[in-house]
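target08.cif follows (mmCIF, C-alpha atoms):
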```cif
data_entry
loop_
_atom_site.label_atom_id
_atom_site.label_comp_id
_atom_site.auth_asym_id
_atom_site.auth_seq_id
_atom_site.Cartn_x
_atom_site.Cartn_y
_atom_site.Cartn_z
CA MET A 37 11.41 -5.46 4.95
CA ASN A 38 10.73 -7.73 1.99
CA LYS A 39 8.42 -10.22 3.72
CA SER A 40 7.57 -12.20 0.62
CA ASN A 41 10.77 -11.88 -1.41
CA ASN A 42 8.90 -9.99 -4.08
CA TYR A 43 11.74 -7.52 -4.35
CA GLU A 44 15.36 -7.42 -3.30
CA ARG A 45 17.95 -4.92 -2.19
CA VAL A 46 20.59 -3.93 -4.72
CA THR A 47 24.07 -4.32 -3.28
CA ASP A 48 26.25 -4.10 -6.38
CA LYS A 49 28.18 -0.84 -5.95
CA ASP A 50 28.52 -0.15 -9.67
CA LYS A 51 24.77 -0.58 -10.16
CA ILE A 52 24.07 1.65 -7.16
CA ASP A 53 26.36 4.38 -8.49
CA GLU A 54 24.80 4.08 -11.95
CA LEU A 55 21.26 4.43 -10.62
CA ILE A 56 22.08 7.32 -8.31
CA ALA A 57 23.72 9.18 -11.19
CA MET A 58 20.76 8.38 -13.42
CA ILE A 59 18.12 9.89 -11.14
CA GLY A 60 20.25 12.90 -10.19
CA PRO A 61 18.76 15.24 -12.81
CA VAL A 62 15.29 13.68 -12.54
CA VAL A 63 14.34 14.45 -8.97
CA CYS A 64 14.39 17.40 -6.67
CA LYS A 65 15.01 15.55 -3.41
CA PRO A 66 13.18 14.43 -1.46
CA ASN A 67 9.70 14.74 -2.90
CA HIS A 68 9.47 16.42 -6.30
CA PHE A 69 10.52 16.00 -9.89
CA SER A 70 12.95 18.45 -11.39
CA SER A 71 11.14 21.00 -13.53
CA PRO A 72 14.00 21.31 -16.08
CA TRP A 73 13.96 17.54 -16.49
CA LEU A 74 10.22 17.45 -17.06
CA GLN A 75 10.46 20.22 -19.64
CA GLN A 76 13.41 18.67 -21.40
CA LYS A 77 11.75 15.28 -21.67
CA GLN A 78 8.26 16.73 -22.19
CA TRP A 79 6.96 14.41 -19.54
CA ILE A 80 3.54 14.67 -18.04
CA VAL A 81 3.17 14.38 -14.26
CA THR A 82 -0.07 13.43 -12.55
CA PRO A 83 -0.32 13.45 -8.77
CA VAL A 84 -2.30 10.68 -7.12
CA ALA A 85 -3.53 10.75 -3.53
CA ASP A 86 -2.03 8.77 -0.69
CA THR A 87 -0.01 5.62 -1.33
CA ILE A 88 -0.15 2.84 -3.91
CA ASN A 89 -3.26 0.68 -3.60
CA PRO A 90 -4.12 -2.51 -5.51
CA MET A 91 -5.75 -0.58 -8.37
CA ASP A 92 -2.72 1.67 -8.79
CA ALA A 93 -0.41 -1.32 -8.73
CA GLU A 94 -2.39 -3.05 -11.45
CA TRP A 95 -2.54 0.03 -13.66
CA ILE A 96 1.18 0.74 -13.23
CA THR A 97 1.93 -2.85 -14.11
CA THR A 98 -0.15 -2.56 -17.28
CA ALA A 99 1.45 0.75 -18.25
CA SER A 100 5.01 -0.42 -17.72
CA SER A 101 4.31 -3.71 -19.48
CA ALA A 102 3.12 -1.75 -22.53
CA LEU A 103 6.57 -0.17 -22.63
CA GLY A 104 8.19 -3.59 -22.41
CA VAL A 105 9.50 -2.88 -18.92
CA THR A 106 9.23 -5.53 -16.23
CA ILE A 107 11.78 -4.40 -13.63
CA GLY A 108 12.03 -1.14 -11.72
CA TYR A 109 14.48 0.22 -9.18
CA GLY A 110 13.23 1.89 -6.04
CA ILE A 111 15.75 4.49 -4.86
CA SER A 112 15.44 6.29 -1.53
CA LEU A 113 15.40 10.08 -1.58
CA ASP A 114 15.48 11.03 2.09
CA SER A 115 18.61 12.95 2.98
CA ASP A 116 18.68 11.66 6.56
CA MET A 117 19.26 8.05 5.52
CA ASP A 118 21.87 6.19 3.51
CA VAL A 119 20.69 5.56 0.00
CA GLU A 120 18.76 2.29 -0.29
CA ILE A 121 17.99 0.76 -3.65
CA TYR A 122 15.64 -2.14 -4.34
CA LYS A 123 15.06 -4.14 -7.49
CA VAL A 124 11.30 -4.37 -7.85
CA PRO A 125 9.49 -6.58 -10.37
CA LEU A 126 6.76 -4.46 -11.92
CA ASN A 127 3.83 -6.64 -10.98
CA GLN A 128 0.96 -5.99 -8.62
CA ASP A 129 2.17 -8.03 -5.65
CA ALA A 130 5.72 -6.71 -5.70
CA LEU A 131 4.59 -3.12 -6.09
CA LEU A 132 2.20 -3.44 -3.16
CA ASP A 133 4.78 -5.10 -0.93
CA PHE A 134 7.44 -2.57 -1.81
CA SER A 135 5.21 0.46 -1.40
CA ALA A 136 3.89 -0.84 1.92
CA ASP A 137 7.39 -1.32 3.27
CA VAL A 138 8.60 2.15 2.29
CA SER A 139 5.30 3.93 2.72
CA LEU A 140 6.45 6.65 5.11
CA LEU A 141 9.69 7.24 3.22
CA ASN A 142 10.42 9.06 -0.04
CA PHE A 143 11.36 6.80 -2.95
CA VAL A 144 11.47 7.10 -6.71
CA LEU A 145 10.77 4.04 -8.85
CA VAL A 146 12.39 3.99 -12.29
CA PRO A 147 13.24 1.40 -14.93
CA SER A 148 16.84 1.22 -16.11
CA ASP A 149 15.93 2.88 -19.42
CA LEU A 150 14.29 5.75 -17.52
CA SER A 151 11.23 5.61 -19.73
CA PHE A 152 9.09 6.74 -16.78
CA ALA A 153 9.39 7.58 -13.10
CA ILE A 154 7.05 7.20 -10.15
CA LEU A 155 7.77 9.19 -7.02
CA LEU A 156 6.38 7.68 -3.84
CA GLU A 157 6.25 10.53 -1.34
CA ALA A 158 6.29 9.69 2.34
CA GLY A 159 2.68 8.66 2.68
CA ASN A 160 0.93 11.73 1.28
CA TYR A 161 0.99 11.43 -2.51
CA ILE A 162 2.37 9.66 -5.58
CA LEU A 163 3.69 11.40 -8.70
CA ILE A 164 3.38 9.44 -11.92
CA ALA A 165 5.61 10.82 -14.67
CA GLY A 166 6.35 9.79 -18.23
CA ASN A 167 4.91 10.16 -21.69
CA LYS A 168 1.22 10.86 -22.06
CA GLN A 169 0.25 7.30 -22.95
CA PHE A 170 2.14 5.82 -20.00
CA VAL A 171 0.69 8.23 -17.47
CA ARG A 172 -2.85 7.88 -18.83
CA THR A 173 -2.67 4.11 -18.45
CA ALA A 174 -0.95 4.24 -15.06
CA ILE A 175 -3.57 6.52 -13.48
CA GLY A 176 -6.41 4.32 -14.67
CA CYS A 177 -8.75 7.18 -15.58
CA SER A 178 -8.87 10.41 -17.58
CA PHE A 179 -6.56 13.27 -16.64
CA SER A 180 -9.61 15.31 -15.76
CA THR A 181 -10.87 12.71 -13.30
CA ALA A 182 -7.41 12.27 -11.81
CA THR A 183 -7.17 16.02 -11.26
CA THR A 184 -10.57 16.16 -9.62
CA MET A 185 -9.72 13.24 -7.35
CA PHE A 186 -6.40 14.68 -6.25
CA LEU A 187 -7.79 18.16 -5.58
CA ASP A 188 -10.63 16.64 -3.58
CA TYR A 189 -8.03 14.87 -1.45
CA ALA A 190 -5.64 17.82 -1.22
CA THR A 191 -8.28 20.30 -0.10
CA ASP A 192 -9.78 18.20 2.68
CA SER A 193 -10.32 20.61 5.56
CA ILE A 194 -9.00 18.19 8.16
CA TRP A 195 -5.35 18.34 7.12
CA PRO A 196 -2.86 19.69 9.61
CA GLU A 197 -1.14 22.82 8.32
CA PRO A 198 2.11 21.15 7.13
CA THR A 199 0.18 18.50 5.19
CA ALA A 200 -2.22 21.05 3.69
CA LYS A 201 0.73 23.19 2.62
CA LEU A 202 2.53 20.22 1.11
CA LEU A 203 -0.50 19.08 -0.90
CA LYS A 204 -1.24 22.62 -2.08
CA GLU A 205 2.35 22.90 -3.28
CA VAL A 206 1.95 19.66 -5.24
CA ALA A 207 -1.30 20.83 -6.81
CA GLU A 208 0.23 24.16 -7.82
CA LYS A 209 3.36 22.59 -9.29
CA TYR A 210 1.75 19.81 -11.28
CA ILE A 211 -1.90 20.71 -11.84
CA LEU A 212 -2.92 24.34 -11.49
CA MET B 2 -4.81 -2.94 48.71
CA CYS B 3 -6.77 -5.50 46.79
CA LEU B 4 -4.80 -6.90 43.89
CA THR B 5 -6.71 -7.52 40.69
CA ASN B 6 -6.01 -10.25 38.19
CA GLN B 7 -4.28 -7.66 36.10
CA HIS B 8 -1.88 -6.89 38.94
CA LEU B 9 -1.05 -10.56 39.22
CA ILE B 10 -0.49 -10.88 35.49
CA THR B 11 1.70 -7.82 35.56
CA GLN B 12 3.81 -9.22 38.39
CA LEU B 13 3.98 -12.62 36.79
CA HIS B 14 5.34 -11.24 33.57
CA ASN B 15 7.41 -8.47 35.09
CA PRO B 16 8.83 -9.19 38.54
CA GLU B 17 10.17 -5.65 38.68
CA ALA B 18 6.72 -4.15 38.38
CA GLU B 19 5.79 -1.93 41.26
CA ILE B 20 2.30 -2.23 42.69
CA GLY B 21 1.03 0.89 44.40
CA GLU B 22 -2.26 2.46 45.43
CA MET B 23 -2.56 3.98 41.98
CA GLY B 24 -2.01 0.66 40.30
CA ALA B 25 0.94 -1.12 38.75
CA SER B 26 3.69 0.46 36.75
CA PHE B 27 6.62 -0.97 34.97
CA PRO B 28 9.10 0.32 32.45
CA LEU B 29 8.60 -0.89 28.92
CA PRO B 30 11.68 -2.78 27.79
CA ASP B 31 14.15 -2.39 24.99
CA SER B 32 12.84 0.85 23.61
CA ASN B 33 14.79 3.44 25.53
CA THR B 34 17.38 3.76 22.84
CA LEU B 35 14.84 4.68 20.19
CA SER B 36 14.36 8.28 19.25
CA ILE B 37 12.82 10.46 16.61
CA GLU B 38 14.58 13.69 15.74
CA GLY B 39 16.38 13.52 19.05
CA ILE B 40 13.22 12.97 21.08
CA PRO B 41 13.46 9.65 22.96
CA LEU B 42 10.64 7.28 22.18
CA VAL B 43 10.75 6.05 25.74
CA THR B 44 12.09 7.97 28.71
CA GLU B 45 12.70 6.92 32.29
CA GLU B 46 9.44 8.59 33.20
CA THR B 47 7.47 6.62 30.66
CA TYR B 48 5.50 3.84 32.23
CA LEU B 49 2.46 1.87 31.36
CA LEU B 50 0.03 2.31 34.21
CA VAL B 51 -2.64 -0.15 35.16
CA THR B 52 -5.32 1.18 37.44
CA PRO B 53 -6.43 -1.17 40.21
CA ASP B 54 -10.11 -1.24 39.48
CA SER B 55 -10.64 -1.14 35.78
CA GLY B 56 -7.43 -2.34 34.25
CA THR B 57 -7.51 0.70 32.00
CA SER B 58 -4.31 1.90 30.41
CA ALA B 59 -3.70 5.33 31.88
CA LEU B 60 -1.74 6.32 28.79
CA SER B 61 -4.57 5.40 26.50
CA ASN B 62 -6.66 8.17 25.02
CA ASN B 63 -9.61 5.86 24.91
CA PRO B 64 -11.46 5.31 28.19
CA GLY B 65 -12.99 2.17 26.78
CA PHE B 66 -9.66 0.63 25.89
CA THR B 67 -8.62 -1.91 28.48
CA LEU B 68 -5.74 -4.24 28.99
CA GLN B 69 -8.25 -7.05 29.28
CA GLN B 70 -8.43 -6.90 25.49
CA GLN B 71 -4.74 -7.63 25.22
CA GLY B 72 -2.37 -10.51 25.83
CA MET B 73 0.92 -10.12 27.65
CA GLU B 74 4.20 -11.75 26.80
CA ASN B 75 7.80 -10.97 27.63
CA ASN B 76 6.82 -7.87 29.60
CA VAL B 77 5.26 -6.29 26.54
CA VAL B 78 1.55 -5.70 26.31
CA PHE B 79 0.40 -6.92 22.91
CA ILE B 80 -2.54 -5.41 21.10
CA THR B 81 -4.53 -6.37 18.02
CA THR B 82 -4.58 -4.19 14.92
CA GLN B 83 -8.22 -3.23 15.34
CA GLU B 84 -7.63 -2.28 18.97
CA ALA B 85 -4.66 -0.16 17.93
CA ILE B 86 -6.75 1.63 15.31
CA ALA B 87 -9.58 2.19 17.78
CA ASN B 88 -7.18 3.60 20.32
CA LEU B 89 -5.28 5.86 17.93
CA THR B 90 -8.42 7.28 16.33
CA HIS B 91 -10.42 7.87 19.51
CA GLY B 92 -11.41 11.52 19.47
CA ALA B 93 -9.74 12.06 16.10
CA GLN B 94 -11.32 13.68 13.08
CA LEU B 95 -11.98 11.50 10.04
CA GLY B 96 -11.09 12.87 6.62
CA ARG B 97 -12.97 12.38 3.40
CA THR B 98 -13.10 8.75 2.44
CA THR B 99 -11.77 8.18 -1.05
CA LYS B 100 -12.53 4.80 -2.54
CA GLY B 101 -9.65 2.39 -2.26
CA ARG B 102 -7.42 4.78 -0.36
CA SER B 103 -6.28 4.91 3.25
CA ARG B 104 -8.64 6.02 5.95
CA GLN B 105 -7.22 9.36 7.03
CA TRP B 106 -7.54 10.71 10.56
CA VAL B 107 -6.23 13.80 12.26
CA GLN B 108 -5.41 13.76 15.94
CA GLN B 109 -4.31 16.59 18.21
CA GLY B 110 -1.02 16.99 20.04
CA GLY B 111 1.74 17.00 17.43
CA LEU B 112 4.85 14.86 17.53
CA ASP B 113 4.82 14.35 21.30
CA ALA B 114 1.31 12.93 21.13
CA ALA B 115 2.25 10.72 18.20
CA ILE B 116 5.21 9.28 20.07
CA GLY B 117 3.17 8.85 23.24
CA ALA B 118 0.30 7.15 21.44
CA PHE B 119 2.61 4.84 19.50
CA HIS B 120 4.49 3.86 22.60
CA ALA B 121 1.41 3.40 24.78
CA LEU B 122 0.01 0.75 22.46
CA GLY B 123 2.50 -1.83 23.68
CA LEU B 124 3.58 -3.06 20.27
CA ALA B 125 5.94 -5.95 19.75
CA ASN B 126 9.26 -5.90 17.91
CA ILE B 127 9.69 -2.14 17.98
CA THR B 128 12.60 -1.20 15.76
CA GLN B 129 14.06 2.00 14.43
CA ARG B 130 14.51 2.00 10.69
CA SER B 131 16.37 4.30 8.39
CA GLY B 132 14.78 7.60 7.58
CA GLY B 133 13.56 8.14 11.14
CA VAL B 134 10.75 5.60 10.90
CA ILE B 135 9.86 3.53 13.96
CA THR B 136 8.05 0.26 13.32
CA GLY B 137 6.14 -2.06 15.63
CA GLU B 138 3.88 -5.07 15.27
CA THR B 139 0.49 -5.96 16.66
CA LEU B 140 -0.57 -9.29 18.07
CA ASP B 141 -2.23 -10.32 14.80
CA GLY B 142 0.60 -9.32 12.48
CA GLY B 143 -0.35 -5.74 11.71
CA ILE B 144 2.44 -3.25 11.12
CA LEU B 145 2.50 0.25 12.59
CA ASN B 146 4.92 2.86 11.29
CA LEU B 147 5.62 6.19 12.93
CA ARG B 148 7.39 8.99 11.17
CA ALA B 149 8.05 12.37 12.69
CA GLY B 150 6.80 15.35 10.80
CA SER B 151 9.24 17.49 8.90
CA THR B 152 8.99 20.59 6.79
CA TYR B 153 7.25 18.33 4.31
CA GLY B 154 4.42 16.99 6.40
CA SER B 155 2.96 16.09 9.77
CA ALA B 156 3.91 13.40 12.26
CA THR B 157 2.08 10.32 11.10
CA ILE B 158 1.25 6.87 12.39
CA GLU B 159 0.29 4.41 9.68
CA VAL B 160 -1.45 1.12 10.40
CA GLN B 161 -1.21 -1.74 7.92
CA SER B 162 -3.44 -4.73 8.61
CA SER B 163 -2.06 -8.17 7.87
CA ASN B 164 -5.27 -9.31 6.19
CA SER B 165 -6.25 -6.19 4.29
CA LYS B 166 -4.69 -3.76 1.83
CA GLN B 167 -6.64 -0.94 3.49
CA LYS B 168 -4.40 1.33 5.54
CA THR B 169 -5.20 3.74 8.31
CA LYS B 170 -3.18 6.92 8.76
CA VAL B 171 -3.35 9.17 11.77
CA ARG B 172 -1.67 12.56 11.40
CA TYR B 173 -0.90 14.64 14.45
CA GLU B 174 -1.29 18.41 14.37
#
```
Just give me the structure of the file as structure tokens.
Amino acid sequence: MNKSNNYERVTDKDKIDELIAMIGPVVCKPNHFSSPWLQQKQWIVTPVADTINPMDAEWITTASSALGVTIGYGISLDSDMDVEIYKVPLNQDALLDFSADVSLLNFVLVPSDLSFAILLEAGNYILIAGNKQFVRTAIGCSFSTATTMFLDYATDSIWPEPTAKLLKEVAEKYIL
Amino acid sequence: MCLTNQHLITQLHNPEAEIGEMGASFPLPDSNTLSIEGIPLVTEETYLLVTPDSGTSALSNNPGFTLQQQGMENNVVFITTQEAIANLTHGAQLGRTTKGRSRQWVQQGGLDAAIGAFHALGLANITQRSGGVITGETLDGGILNLRAGSTYGSATIEVQSSNSKQKTKVRYE
């Protein structure tokens, strides 16, 4: 992991405990956001197909930069592994390296002020959550186009049953 | 029995290899402690077979995939990223191509087939990571990740090329 030193593992126990406590109410482990949290914060969530690609990384960088945020923390959500936390600079290269290294695992990426959250599901989808302006910038297109693109992906007839069920669940929870 | 060059290479790199009428077989090293959800990645019965005439990997799904395309080192058959993709996707169904996203394939056989296909490639530096992910490397620096399916998805092999951001994912149903 971490081939190019673009991100680093967090080892400080106090910081780890702080971050784990912070995301507790935000996520429904391992691969969803908590509905009460979304309602309370009035966050918008937009699902994006697959894993982070260079365009996503650039748009997320732009969106987080507009909030004055330059560092995120990637926190593992899989129950069958010890919690791993990485400090990830919010730039294109670091985001791509990080997402590639954890691409078949479930992680949530948040800044320390929790002004947004990005859930990287284990290789099937991404959930981009935050205020409307952040999400609109981070998805790089209109909400309508993002919805169309995700539904096109989610309804592909080739998916094995578990994947089809998973993607349908995501569409129903966040779009339909 | 007439020994082919491949037999000789096999013996050279693996003195314990057994040469029989059906070809050469030898256990792949260092992987028999790896497992996914309790299923061993490599068992005592798992061998890479080399047929005498064609040099074709008997575990390969792709009849056109031959060991002549690969290099051998330290008893492990190395493979390039493109060869790995060709092998994994042979006979698979291609999903819709979405610009800038991974190329998505669906292969038959479930978790057992995923483990078998991953193992049969002869990847280098196979390691088990946290979260039940097994990782291996191709000859040209590509990374392959295997994760077993769960209630949340299907068993998946992901291929990351060293010189491209484009990924290939093969899901097993």
Which residues of chain A come within 7 Å of chain B, and for each one, what is the closest pair of atoms and their distance in Å to one decimal, counting only C-alpha atoms, sorted by chain and residue number, as JSON lines?
```
{"residue": "A:Asp86", "atom": "CA", "partner": "B:Arg102", "partner_atom": "CA", "distance": 6.7}
{"residue": "A:Asn89", "atom": "CA", "partner": "B:Arg102", "partner_atom": "CA", "distance": 6.7}
{"residue": "A:Asp114", "atom": "CA", "partner": "B:Gly132", "partner_atom": "CA", "distance": 6.5}
{"residue": "A:Asp116", "atom": "CA", "partner": "B:Gly132", "partner_atom": "CA", "distance": 5.7}
{"residue": "A:Met117", "atom": "CA", "partner": "B:Gly132", "partner_atom": "CA", "distance": 5.0}
{"residue": "A:Leu140", "atom": "CA", "partner": "B:Arg148", "partner_atom": "CA", "distance": 6.6}
{"residue": "A:Leu141", "atom": "CA", "partner": "B:Gly132", "partner_atom": "CA", "distance": 6.7}
{"residue": "A:Asp192", "atom": "CA", "partner": "B:Arg97", "partner_atom": "CA", "distance": 6.7}
{"residue": "A:Ile194", "atom": "CA", "partner": "B:Gly96", "partner_atom": "CA", "distance": 5.9}
{"residue": "A:Trp195", "atom": "CA", "partner": "B:Val107", "partner_atom": "CA", "distance": 6.9}
{"residue": "A:Pro196", "atom": "CA", "partner": "B:Glu174", "partner_atom": "CA", "distance": 5.2}
{"residue": "A:Pro198", "atom": "CA", "partner": "B:Gly154", "partner_atom": "CA", "distance": 4.8}
{"residue": "A:Thr199", "atom": "CA", "partner": "B:Gly154", "partner_atom": "CA", "distance": 4.7}
{"residue": "A:Leu202", "atom": "CA", "partner": "B:Tyr153", "partner_atom": "CA", "distance": 6.0}
```
Between CA of Val124 in chain A and CA of Gly104 in chain A, what is the spacing in Å?
->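 If I compute the distance from CA of Gly104 in chain A to CA of Val124 in chain A, I get 14.9 Å.
In this structure, CA of Leu126 in chain A sits 5.3 Å away from CA of Ile107 in chain A.
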CA of Thr98 in chain A to CA of Ile175 in chain A: how many Å, to one decimal?
-> 10.4 Å
For Leu203 in chain A, which of A:Thr191, A:Gln169, A:Ser148, A:Asn42 is the closest residue, counting only C-alpha atoms?
->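 Ranking A:Thr191, A:Gln169, A:Ser148, A:Asn42 by distance to Leu203 in chain A, first place goes to A:Thr191.
When the PyMOL selection byres ((chain A and resi 163) around 8) is run on the displayed coordinates, the residues it returns are Val81, Thr82, Pro83, Val84, Ile154, Leu155, Leu156, Glu157, Tyr161, Ile162, Ile164 and Ala165 of chain A.
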I need every residue sitting at most 10 Å from the point (14.0, 2.0, -14.0) (coordinates as in the file, all atoms listed in the file considered), written as a PDB file with C-alpha atoms, in the frame of the given file.
```pdb
ATOM      1  CA  LEU A  55      21.260   4.430 -10.620  1.00  0.00           C
ATOM      2  CA  MET A  58      20.760   8.380 -13.420  1.00  0.00           C
ATOM      3  CA  ILE A  59      18.120   9.890 -11.140  1.00  0.00           C
ATOM      4  CA  VAL A 105       9.500  -2.880 -18.920  1.00  0.00           C
ATOM      5  CA  THR A 106       9.230  -5.530 -16.230  1.00  0.00           C
ATOM      6  CA  ILE A 107      11.780  -4.400 -13.630  1.00  0.00           C
ATOM      7  CA  GLY A 108      12.030  -1.140 -11.720  1.00  0.00           C
ATOM      8  CA  TYR A 109      14.480   0.220  -9.180  1.00  0.00           C
ATOM      9  CA  GLY A 110      13.230   1.890  -6.040  1.00  0.00           C
ATOM     10  CA  ILE A 111      15.750   4.490  -4.860  1.00  0.00           C
ATOM     11  CA  LYS A 123      15.060  -4.140  -7.490  1.00  0.00           C
ATOM     12  CA  VAL A 124      11.300  -4.370  -7.850  1.00  0.00           C
ATOM     13  CA  LEU A 126       6.760  -4.460 -11.920  1.00  0.00           C
ATOM     14  CA  VAL A 144      11.470   7.100  -6.710  1.00  0.00           C
ATOM     15  CA  LEU A 145      10.770   4.040  -8.850  1.00  0.00           C
ATOM     16  CA  VAL A 146      12.390   3.990 -12.290  1.00  0.00           C
ATOM     17  CA  PRO A 147      13.240   1.400 -14.930  1.00  0.00           C
ATOM     18  CA  SER A 148      16.840   1.220 -16.110  1.00  0.00           C
ATOM     19  CA  ASP A 149      15.930   2.880 -19.420  1.00  0.00           C
ATOM     20  CA  LEU A 150      14.290   5.750 -17.520  1.00  0.00           C
ATOM     21  CA  SER A 151      11.230   5.610 -19.730  1.00  0.00           C
ATOM     22  CA  PHE A 152       9.090   6.740 -16.780  1.00  0.00           C
ATOM     23  CA  ALA A 153       9.390   7.580 -13.100  1.00  0.00           C
ATOM     24  CA  ILE A 154       7.050   7.200 -10.150  1.00  0.00           C
TER      25      ILE A 154
END
```
Give as a list in words each residue that has an atom at most 9 Å from (-4.2, -2.7, 15.8) in the file, counting all atoms listed in the file.
->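 Here the neighbourhood of the point contains Ile80, Thr81, Thr82, Gln83, Glu84, Ala85, Ile86, Ala87, Asn88, Leu89, Leu122, Leu124, Glu138, Thr139, Leu140, Asp141, Gly142, Gly143, Ile144, Leu145, Val160, Gln161 and Ser162 of chain B.
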Nearest to Ala182 in chain A, restricted to all atoms listed in the file and choosing among A:Glu54, A:Ile211, A:Leu103, A:Trp95, comes out as A:Ile211
